[in-house]
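Okay, input-v9.txt now, which holds compact mmCIF, C-alpha atoms:
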```txt
# COMPACT_ATOMS: atom_id res chain seq x y z
CA MET A 1 5.52 5.75 -17.71
CA ILE A 2 3.84 9.05 -16.96
CA ILE A 3 0.34 9.96 -15.80
CA GLU A 4 -0.98 12.53 -18.25
CA SER A 5 -4.30 13.44 -16.63
CA LEU A 6 -6.36 12.92 -13.51
CA LYS A 7 -10.06 13.63 -13.09
CA LEU A 8 -11.92 13.65 -9.77
CA GLU A 9 -15.61 14.10 -9.00
CA ASN A 10 -16.99 14.21 -5.44
CA PHE A 11 -13.82 12.71 -3.98
CA ARG A 12 -12.99 13.80 -0.41
CA ASN A 13 -13.33 17.63 -0.38
CA ILE A 14 -13.00 17.96 -4.16
CA SER A 15 -16.24 18.54 -6.08
CA ARG A 16 -14.64 18.39 -9.50
CA SER A 17 -11.08 18.71 -10.77
CA GLU A 18 -9.40 17.90 -14.09
CA LEU A 19 -5.61 18.07 -14.10
CA GLN A 20 -3.13 17.69 -16.94
CA PHE A 21 0.50 16.68 -16.34
CA ASP A 22 3.48 17.20 -18.65
CA SER A 23 6.42 16.43 -16.37
CA ASP A 24 7.76 13.48 -14.42
CA ALA A 25 7.69 15.67 -11.29
CA VAL A 26 4.40 17.14 -10.03
CA PHE A 27 4.05 19.44 -7.00
CA PHE A 28 0.84 20.19 -5.10
CA GLU A 29 1.35 23.09 -2.70
CA GLY A 30 -1.11 24.47 -0.15
CA GLY A 31 -2.16 24.68 3.47
CA ASN A 32 -3.29 21.80 5.64
CA GLY A 33 -6.72 20.37 4.88
CA GLN A 34 -6.98 21.97 1.44
CA GLY A 35 -6.94 18.78 -0.65
CA LYS A 36 -3.30 18.07 -1.49
CA THR A 37 -3.31 14.62 0.09
CA SER A 38 -6.66 13.82 -1.56
CA LEU A 39 -5.04 14.26 -4.99
CA LEU A 40 -2.28 11.79 -4.10
CA GLU A 41 -4.87 9.46 -2.61
CA ALA A 42 -6.88 9.54 -5.85
CA VAL A 43 -3.85 8.38 -7.85
CA PHE A 44 -3.17 5.66 -5.30
CA TYR A 45 -6.80 4.49 -5.29
CA VAL A 46 -7.03 4.14 -9.08
CA ALA A 47 -3.78 2.15 -9.09
CA ASN A 48 -4.60 -0.13 -6.14
CA LEU A 49 -8.36 0.12 -5.52
CA ARG A 50 -7.43 0.94 -1.95
CA SER A 51 -6.89 4.14 -0.02
CA PHE A 52 -3.73 4.73 1.98
CA ARG A 53 -5.81 6.55 4.63
CA THR A 54 -8.96 4.50 5.21
CA VAL A 55 -10.69 1.19 4.52
CA LYS A 56 -14.13 2.83 4.54
CA ILE A 57 -15.35 3.75 1.06
CA ASN A 58 -17.92 6.22 2.40
CA GLU A 59 -15.11 8.34 3.82
CA LEU A 60 -13.84 8.91 0.27
CA LYS A 61 -17.14 10.37 -0.93
CA LYS A 62 -17.55 14.12 -0.67
CA LEU A 63 -19.88 14.98 2.18
CA GLY A 64 -23.45 14.85 0.90
CA SER A 65 -22.56 12.82 -2.22
CA SER A 66 -23.67 9.26 -2.83
CA SER A 67 -20.78 8.36 -5.14
CA PHE A 68 -17.42 9.45 -6.50
CA HIS A 69 -15.70 9.11 -9.87
CA LEU A 70 -11.99 8.91 -10.67
CA SER A 71 -10.30 8.59 -14.04
CA LEU A 72 -6.60 8.48 -14.87
CA LEU A 73 -4.88 8.51 -18.27
CA PHE A 74 -1.33 7.21 -18.39
CA ARG A 75 1.27 6.76 -21.13
CA LYS A 76 3.74 3.88 -21.14
CA MET A 77 7.34 4.22 -22.26
CA GLN A 78 6.43 2.42 -25.49
CA GLY A 79 4.09 5.31 -26.33
CA TRP A 80 0.67 3.68 -25.94
CA LYS A 81 -1.90 5.17 -23.60
CA SER A 82 -4.52 3.68 -21.31
CA LEU A 83 -7.49 5.11 -19.43
CA LEU A 84 -8.55 3.72 -16.04
CA GLU A 85 -11.92 4.71 -14.52
CA VAL A 86 -13.50 3.98 -11.15
CA ASP A 87 -17.06 4.76 -10.06
CA CYS A 88 -18.02 4.11 -6.44
CA GLY A 89 -21.66 4.43 -5.43
CA LEU A 90 -23.78 1.66 -3.98
CA VAL A 91 -21.47 -0.65 -5.95
CA ARG A 92 -18.05 -0.13 -7.48
CA THR A 93 -17.69 -0.28 -11.26
CA LEU A 94 -14.39 -0.39 -13.14
CA GLN A 95 -13.45 0.38 -16.74
CA SER A 96 -10.18 0.03 -18.59
CA ASP A 97 -10.10 1.84 -21.93
CA ARG A 98 -13.93 2.11 -21.77
CA VAL A 99 -14.28 -1.67 -21.36
CA PRO A 100 -15.96 -2.88 -18.13
CA VAL A 101 -13.70 -4.87 -15.79
CA SER A 102 -15.37 -7.23 -13.33
CA LYS A 103 -12.36 -8.42 -11.30
CA ALA A 104 -10.13 -6.18 -9.22
CA SER A 105 -7.14 -8.38 -10.04
CA ASP A 106 -7.61 -7.55 -13.75
CA PHE A 107 -7.71 -3.81 -13.02
CA THR A 108 -4.90 -3.23 -10.55
CA GLY A 109 -1.19 -3.65 -11.23
CA LYS A 110 -0.99 -1.48 -14.34
CA ILE A 111 0.53 1.34 -12.30
CA LYS A 112 2.84 0.54 -9.39
CA THR A 113 2.76 3.07 -6.56
CA VAL A 114 5.01 3.67 -3.57
CA ALA A 115 3.67 6.25 -1.09
CA PHE A 116 5.76 8.12 1.49
CA LEU A 117 3.35 9.38 4.15
CA PRO A 118 3.55 11.28 7.47
CA ASP A 119 2.08 8.30 9.33
CA ASP A 120 4.63 5.80 7.96
CA PRO A 121 6.45 5.50 11.34
CA LEU A 122 3.30 3.83 12.70
CA ILE A 123 4.11 0.86 10.46
CA ILE A 124 7.10 0.36 12.73
CA SER A 125 5.69 1.42 16.10
CA GLY A 126 1.92 1.02 15.75
CA PRO A 127 -0.49 -1.93 15.99
CA SER A 128 -0.07 -5.12 13.96
CA PRO A 129 -2.86 -4.42 11.38
CA LEU A 130 -0.76 -1.54 10.00
CA ARG A 131 2.20 -3.84 9.41
CA ARG A 132 0.02 -6.54 7.81
CA ARG A 133 -1.58 -3.93 5.58
CA PHE A 134 1.82 -2.66 4.45
CA PHE A 135 3.17 -6.11 3.63
CA ASP A 136 -0.06 -7.20 1.92
CA MET A 137 0.04 -4.14 -0.35
CA PHE A 138 3.80 -4.37 -0.93
CA ILE A 139 3.72 -8.05 -1.91
CA SER A 140 0.59 -7.57 -4.04
CA LEU A 141 2.48 -4.86 -5.91
CA LEU A 142 5.12 -7.38 -6.95
CA ASP A 143 3.21 -10.67 -7.10
CA ARG A 144 -0.25 -10.95 -8.68
CA SER A 145 -0.75 -14.49 -7.40
CA TYR A 146 -0.34 -13.19 -3.84
CA PHE A 147 -3.06 -10.59 -4.45
CA MET A 148 -5.42 -13.30 -5.71
CA ALA A 149 -4.59 -15.66 -2.83
CA LEU A 150 -5.23 -12.82 -0.38
CA GLN A 151 -8.62 -12.07 -1.95
CA ASN A 152 -9.63 -15.74 -1.79
CA TYR A 153 -8.43 -16.04 1.79
CA LEU A 154 -10.24 -12.94 3.06
CA GLN A 155 -13.46 -13.90 1.31
CA ALA A 156 -13.39 -17.42 2.83
CA LEU A 157 -12.44 -15.96 6.23
CA ARG A 158 -15.43 -13.60 6.24
CA SER A 159 -17.80 -16.42 5.30
CA ARG A 160 -16.32 -18.81 7.89
CA ASN A 161 -16.52 -16.20 10.65
CA MET A 162 -20.14 -15.43 9.80
CA LEU A 163 -20.96 -19.12 10.24
CA LEU A 164 -18.94 -19.39 13.45
CA LYS A 165 -20.88 -16.51 15.00
CA THR A 166 -24.08 -18.57 14.79
CA HIS A 167 -22.47 -21.23 17.08
CA ASN A 168 -24.77 -23.78 15.42
CA CYS A 169 -23.63 -24.14 11.85
CA ASN A 170 -23.25 -26.80 9.20
CA LEU A 171 -19.86 -28.42 9.81
CA ASP A 172 -19.47 -29.58 6.22
CA ILE A 173 -19.82 -25.99 4.94
CA LEU A 174 -17.47 -24.78 7.66
CA ARG A 175 -14.85 -27.35 6.65
CA SER A 176 -15.15 -26.31 2.99
CA TYR A 177 -14.14 -22.78 4.00
CA SER A 178 -11.28 -24.22 6.05
CA THR A 179 -10.00 -25.95 2.91
CA VAL A 180 -9.84 -22.61 1.08
CA LEU A 181 -8.10 -21.00 4.07
CA ALA A 182 -5.51 -23.76 4.12
CA SER A 183 -4.78 -23.51 0.41
CA SER A 184 -4.69 -19.71 0.12
CA GLY A 185 -3.36 -19.08 3.62
CA SER A 186 -0.32 -21.32 3.23
CA GLU A 187 0.52 -19.58 -0.07
CA ILE A 188 0.25 -16.21 1.68
CA VAL A 189 2.61 -17.30 4.46
CA ARG A 190 5.21 -18.75 2.07
CA LYS A 191 5.22 -15.64 -0.10
CA ARG A 192 5.42 -13.39 2.93
CA GLU A 193 8.53 -15.26 4.05
CA LYS A 194 10.06 -14.79 0.60
CA TYR A 195 9.37 -11.07 0.32
CA VAL A 196 10.18 -10.28 3.93
CA GLU A 197 13.61 -11.77 3.29
CA LEU A 198 13.92 -9.61 0.15
CA ILE A 199 12.94 -6.31 1.74
CA SER A 200 14.96 -7.04 4.89
CA ARG A 201 18.08 -7.51 2.77
CA LEU A 202 17.42 -4.32 0.80
CA MET A 203 16.77 -2.33 3.97
CA LYS A 204 20.01 -3.54 5.51
CA GLN A 205 21.90 -2.40 2.38
CA LEU A 206 20.25 1.04 2.54
CA PHE A 207 21.04 1.39 6.23
CA GLU A 208 24.70 0.51 5.57
CA GLU A 209 24.78 3.14 2.79
CA LEU A 210 22.87 5.96 4.49
CA TYR A 211 22.77 5.26 8.25
CA PRO A 212 25.40 2.69 9.27
CA SER A 213 24.49 3.13 12.95
CA LEU A 214 21.19 1.32 12.25
CA SER A 215 22.62 -1.44 10.04
CA ASP A 216 22.21 -4.13 12.73
CA PHE A 217 18.68 -4.63 11.47
CA THR A 218 16.34 -7.54 10.67
CA ILE A 219 12.63 -8.24 10.17
CA GLN A 220 11.08 -11.23 11.93
CA MET A 221 7.76 -12.82 11.01
CA ASP A 222 5.50 -13.85 13.87
CA PHE A 223 3.18 -16.56 12.53
CA THR A 224 1.72 -19.97 13.35
CA LYS A 225 4.23 -22.50 12.01
CA GLU A 226 1.55 -24.96 10.82
CA THR A 227 0.19 -22.37 8.35
CA ALA A 228 3.17 -22.65 5.99
CA ASP A 229 1.94 -26.03 4.71
CA PRO A 230 -1.64 -26.62 3.47
CA ASP A 231 -1.94 -30.11 5.00
CA SER A 232 -0.73 -29.08 8.46
CA TYR A 233 -2.84 -25.92 8.17
CA LEU A 234 -5.99 -27.97 7.50
CA LYS A 235 -5.16 -30.37 10.33
CA LYS A 236 -4.79 -27.48 12.78
CA ALA A 237 -8.06 -25.98 11.57
CA GLU A 238 -9.79 -29.28 12.37
CA ASN A 239 -8.10 -29.54 15.76
CA ASP A 240 -9.05 -25.94 16.63
CA LEU A 241 -12.62 -26.20 15.31
CA LYS A 242 -14.19 -26.58 18.76
CA ARG A 243 -12.33 -23.53 20.07
CA ASP A 244 -13.33 -21.46 17.01
CA LEU A 245 -16.98 -22.46 17.50
CA GLN A 246 -16.85 -21.44 21.15
CA ARG A 247 -15.27 -18.07 20.41
CA GLY A 248 -17.25 -17.35 17.24
CA PHE A 249 -14.28 -16.49 15.01
CA THR A 250 -11.20 -18.01 13.34
CA THR A 251 -8.47 -17.94 15.95
CA PHE A 252 -5.32 -18.37 13.84
CA GLY A 253 -4.04 -17.66 10.35
CA PRO A 254 -2.21 -14.98 8.35
CA HIS A 255 -4.92 -12.42 9.18
CA LEU A 256 -3.46 -12.39 12.72
CA ASP A 257 0.26 -12.58 11.90
CA ASP A 258 2.71 -9.80 12.69
CA PHE A 259 6.13 -8.53 11.59
CA GLU A 260 8.75 -7.28 14.04
CA PHE A 261 11.31 -4.69 12.94
CA MET A 262 14.36 -5.54 15.04
CA PHE A 263 17.37 -3.33 15.80
CA ASP A 264 20.24 -4.63 17.92
CA GLY A 265 18.11 -7.66 18.78
CA LYS A 266 15.24 -5.56 20.19
CA PRO A 267 11.83 -4.79 18.64
CA MET A 268 11.72 -1.17 17.50
CA ARG A 269 8.00 -1.15 18.25
CA SER A 270 8.88 -1.19 21.95
CA PHE A 271 12.44 0.18 22.14
CA GLY A 272 12.94 2.37 19.06
CA SER A 273 13.12 6.15 19.46
CA ARG A 274 10.85 8.43 17.47
CA GLY A 275 13.76 9.33 15.19
CA GLN A 276 14.75 5.70 14.66
CA CYS A 277 11.17 4.72 13.77
CA ARG A 278 10.92 7.64 11.32
CA MET A 279 14.20 6.71 9.66
CA THR A 280 13.31 2.99 9.55
CA SER A 281 9.96 3.73 7.90
CA LEU A 282 11.70 5.89 5.28
CA ILE A 283 14.25 3.15 4.58
CA LEU A 284 11.38 0.64 4.38
CA LYS A 285 9.69 2.61 1.59
CA LEU A 286 12.98 3.18 -0.25
CA ALA A 287 13.58 -0.58 -0.03
CA GLU A 288 10.13 -1.06 -1.55
CA LEU A 289 11.31 0.98 -4.54
CA ASP A 290 14.49 -1.08 -4.79
CA ALA A 291 12.40 -4.26 -4.61
CA VAL A 292 10.30 -3.10 -7.56
CA ARG A 293 13.50 -2.49 -9.50
CA GLU A 294 14.96 -5.87 -8.55
CA VAL A 295 11.82 -7.85 -9.37
CA SER A 296 10.68 -5.99 -12.50
CA GLY A 297 14.07 -4.82 -13.76
CA ALA A 298 13.07 -1.13 -13.95
CA LEU A 299 11.10 1.62 -12.23
CA ASN A 300 9.62 3.15 -15.37
CA ASP A 301 6.10 2.00 -14.52
CA THR A 302 6.31 3.15 -10.89
CA VAL A 303 4.76 6.32 -9.48
CA VAL A 304 6.07 7.70 -6.19
CA LEU A 305 3.74 9.75 -3.97
CA VAL A 306 5.32 11.98 -1.31
CA ASP A 307 3.01 13.63 1.23
CA ASP A 308 5.07 16.02 3.37
CA ALA A 309 7.01 12.99 4.59
CA THR A 310 10.47 14.56 4.92
CA ALA A 311 9.92 17.18 7.62
CA ASP A 312 11.93 15.30 10.26
CA LEU A 313 14.91 14.65 7.98
CA ASP A 314 18.10 16.66 7.90
CA LEU A 315 19.33 18.26 4.69
CA HIS A 316 21.63 15.37 3.79
CA ALA A 317 18.82 12.85 4.23
CA ARG A 318 16.37 14.92 2.15
CA GLN A 319 18.87 15.25 -0.69
CA ALA A 320 19.63 11.52 -0.66
CA PHE A 321 15.90 10.78 -0.53
CA LEU A 322 15.17 13.00 -3.55
CA GLU A 323 18.00 11.44 -5.55
CA LYS A 324 16.65 7.93 -4.97
CA ILE A 325 12.97 8.60 -5.67
CA ARG A 326 13.73 10.48 -8.88
CA THR A 327 14.69 7.15 -10.45
CA ALA A 328 10.96 6.31 -10.61
CA GLY A 329 8.84 6.97 -13.67
CA GLN A 330 7.02 9.91 -12.08
CA VAL A 331 6.88 11.56 -8.65
CA PHE A 332 3.96 13.47 -7.10
CA PHE A 333 4.76 15.73 -4.14
CA ALA A 334 2.41 17.42 -1.66
CA PHE A 335 3.91 20.18 0.50
CA THR A 336 2.60 23.05 2.57
CA GLU A 337 5.72 24.81 1.29
CA ILE A 338 8.20 23.24 -1.13
CA PRO A 339 11.66 22.90 0.51
CA PRO A 340 14.43 24.67 -1.47
CA GLU A 341 16.28 21.40 -2.21
CA PHE A 342 13.12 19.95 -3.77
CA ARG A 343 12.56 22.78 -6.23
CA LEU A 344 13.14 21.38 -9.70
CA GLU A 345 13.65 23.34 -12.90
CA LYS A 346 11.26 21.13 -14.87
CA CYS A 347 8.05 20.25 -13.07
CA ASP A 348 4.28 20.77 -12.91
CA HIS A 349 3.36 23.08 -10.02
CA PHE A 350 -0.19 23.43 -8.66
CA GLN A 351 -1.67 25.51 -5.85
CA VAL A 352 -4.40 23.72 -3.87
CA LYS A 353 -6.96 25.67 -1.81
CA ALA A 354 -10.36 24.54 -0.48
CA GLY A 355 -10.52 21.64 -2.91
CA GLU A 356 -9.70 23.84 -5.92
CA THR A 357 -6.49 23.36 -7.89
CA ALA A 358 -4.78 26.09 -9.95
CA ARG A 359 -1.74 25.59 -12.15
CA LEU A 360 1.20 27.88 -11.35
CA ASN A 361 3.42 27.10 -14.32
```
What would you get if you wrote out this structure as structure tokens?
Amino acid sequence: MIIESLKLENFRNISRSELQFDSDAVFFEGGNGQGKTSLLEAVFYVANLRSFRTVKINELKKLGSSSFHLSLLFRKMQGWKSLLEVDCGLVRTLQSDRVPVSKASDFTGKIKTVAFLPDDPLIISGPSPLRRRFFDMFISLLDRSYFMALQNYLQALRSRNMLLKTHNCNLDILRSYSTVLASSGSEIVRKREKYVELISRLMKQLFEELYPSLSDFTIQMDFTKETADPDSYLKKAENDLKRDLQRGFTTFGPHLDDFEFMFDGKPMRSFGSRGQCRMTSLILKLAELDAVREVSGALNDTVVLVDDATADLDLHARQAFLEKIRTAGQVFFAFTEIPPEFRLEKCDHFQVKAGETARLN
């Protein structure tokens, strides 16, 4: 698979840009704050209907604009092409091949994306929402039923919490939302266990291959044990109802779970060095690529996005990194200056300055 064109209007600092791509390697080069990352973010947003930088849609709109438009044309290995379009104003509208799409689950998943970002070490060392966000997006990439269960869960959670905040709500309605939480939440927990085991195994293999000193590695899930089964989940929700009413929010469930990256029996969040957290986050994303290959059988429909994420790596690590990501269908790079080992004979090369993009080859 290859993305052939990308169009942006009023996205971040880009007023309008139309780019054509011919190669499976695309480089955006320019200074900080010029718009390189915004181009990667646009690809990611069309593929996932999420940003890798923010959860606030208004932050994606160019300052002073009330909406933004993105469109992306891609070609599959079989030769057929498809056009995906997103308009975000007061409401978000989606089109696939000029046909309106009402459900996000019917729009996403056509292009798989793995993004290597400067802030990736925060997945390891930062607060728990960053780890939940990573695993939710990673599992959704591989399992459409997880994505749908997550949507149902979050919708029911928002509605239940709104009722709980009133402290004087209809208990029958509240229990109906608890039923949805139990059904969708237990599915989320079971699938998280499955895919955490998968990516933990793949990470351990990569550590043994590239950095044996970090191979004593595991990932542990921190979750409420009753949530793995819908019946016990619902029973706990009933038992905790009084506490939830007093506090005004749902006090347990997968929206509060965490994941511990463990090295030598210690959580890296607390004991890992800066270099160890950087390396672990890189291995995590490489394992995500390997997971796509293992689950789907190929990486042809996967796009890798690299945003200046190799600065802390030595030459050997950068070369090994490039070799592994080049197995994907297409790779987009953003660099202030392209490292010599990343310069490829066949590629698309663009200069980015003040939201304007100029082709260099």
Can you pull out every residue within 9 Å of Met279 of chain A, counting all atoms listed in the file, but drop anything in the same chain fewer than 3 positions away, and send it as a list in words?
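The neighbour list is Pro121, Tyr211, Arg274, Gly275, Gln276, Leu282, Ile283, Leu284, Asp312 and Leu313 of chain A.
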Could you list, as a list of chain:residue names, every residue within 7 Å of segment 248-258 of chain A, counting all atoms listed in the file and ignoring same-chain residues fewer than 5 positions away?
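In the requested form, the answer reads A:Ser128, A:Arg131, A:Arg132, A:Asn161, A:Leu164, A:Lys165, A:His167, A:Gly185, A:Val189, A:Met221, A:Asp222, A:Phe223, A:Thr224, A:Thr227.
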Go ahead and write the selection's residues with C-alpha atoms as a PDB file, in the frame of the given file.
```
ATOM      1  CA  SER A 128      -0.070  -5.120  13.960  1.00  0.00           C
ATOM      2  CA  ARG A 131       2.200  -3.840   9.410  1.00  0.00           C
ATOM      3  CA  ARG A 132       0.020  -6.540   7.810  1.00  0.00           C
ATOM      4  CA  ASN A 161     -16.520 -16.200  10.650  1.00  0.00           C
ATOM      5  CA  LEU A 164     -18.940 -19.390  13.450  1.00  0.00           C
ATOM      6  CA  LYS A 165     -20.880 -16.510  15.000  1.00  0.00           C
ATOM      7  CA  HIS A 167     -22.470 -21.230  17.080  1.00  0.00           C
ATOM      8  CA  GLY A 185      -3.360 -19.080   3.620  1.00  0.00           C
ATOM      9  CA  VAL A 189       2.610 -17.300   4.460  1.00  0.00           C
ATOM     10  CA  MET A 221       7.760 -12.820  11.010  1.00  0.00           C
ATOM     11  CA  ASP A 222       5.500 -13.850  13.870  1.00  0.00           C
ATOM     12  CA  PHE A 223       3.180 -16.560  12.530  1.00  0.00           C
ATOM     13  CA  THR A 224       1.720 -19.970  13.350  1.00  0.00           C
ATOM     14  CA  THR A 227       0.190 -22.370   8.350  1.00  0.00           C
TER      15      THR A 227
END
```
Considering all atoms listed in the file, can you say which of A:Phe261, A:Tyr177, A:Phe116, A:Phe107 comes closest to Leu40 of chain A?
A:Phe116
Find the residues around Ser232 of chain A up to 9 Å (all atoms listed in the file counted), leave out those fewer than 6 positions away in its own chain, and share them as a count of residues only.
3
Length of the atom CA of Ser176 of chain A to atom CA of Ser140 of chain A vector [Å]
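Computing the Euclidean distance for atom CA of Ser176 of chain A and atom CA of Ser140 of chain A yields 25.5 Å.
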When you count all atoms listed in the file, which of these residues is closest to Phe74 of chain A: A:Val303, A:Ile325, A:Ile57, A:Leu150?
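Residue with the minimum atom-to-atom distance to Phe74 of chain A: A:Val303.
Neighbouring residues of Glu18 of chain A at 10 Å or closer, counting only C-alpha atoms and skipping chain neighbours under 6 positions away, are Ser5, Leu6, Lys7, Leu8, Glu9, Leu70, Ser71, Leu72 and Thr357 of chain A.
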For the atom pair atom CA of Gly30 of chain A and atom CA of Val352 of chain A, what is the interatomic distance in Å to one decimal place?
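Computing it gives 5.0 Å between the two atoms.
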Take the point (-23.6, 5.2, -2.7) in the file's coordinates, draw a sphere of radius 8 Å around it, and report as a PyMOL selection string every protein, DNA or RNA residue with an atom inside or on it, counting all atoms listed in the file.
chain A and resi 58+65-67+88-91
Looking at A:Pro339, A:Val101, A:Ala328, A:Ser82, which one is nearest to Gly297 of chain A, with distances taken over only C-alpha atoms?
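Of A:Pro339, A:Val101, A:Ala328, A:Ser82, the one nearest Gly297 of chain A, counting only C-alpha atoms, is A:Ala328.
Near Thr37 of chain A, within 8 Å and counting only C-alpha atoms, sit Leu40, Glu41, Asp307 and Ala334 of chain A, not including residues fewer than 3 positions from it in the same chain.
Our summary of the geometry notes that atom CA of Asp24 of chain A is positioned 29.0 Å from atom CA of Arg201 of chain A.
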Counting only C-alpha atoms, figure out which residue out of A:Ser38, A:Gln151, A:Ser23, A:Asn170 gets nearest to Phe11 of chain A.
A:Ser38
Report the centre and edge lengths, in Å to one decimal, of an axis-aligned box enclosing every atom of segment 31-40 of chain A listed in the file, padded by 5 Å on each side, as JSON.
```
{"center_x": -4.6, "center_y": 18.2, "center_z": 0.3, "size_x": 14.8, "size_y": 22.9, "size_z": 20.6}
```
For a quick check of understanding, using all atoms listed in the file, which of A:Leu94, A:Ala42, A:Ala358, A:Val196 has the smallest distance to Ala291 of chain A?
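The shortest atom-to-atom distance to Ala291 of chain A comes from A:Val196.
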Counting all atoms listed in the file, the residue of A:Arg16, A:His349, A:Arg133, A:Arg343 that sits nearest Phe259 of chain A
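Nearest to Phe259 of chain A: A:Arg133.
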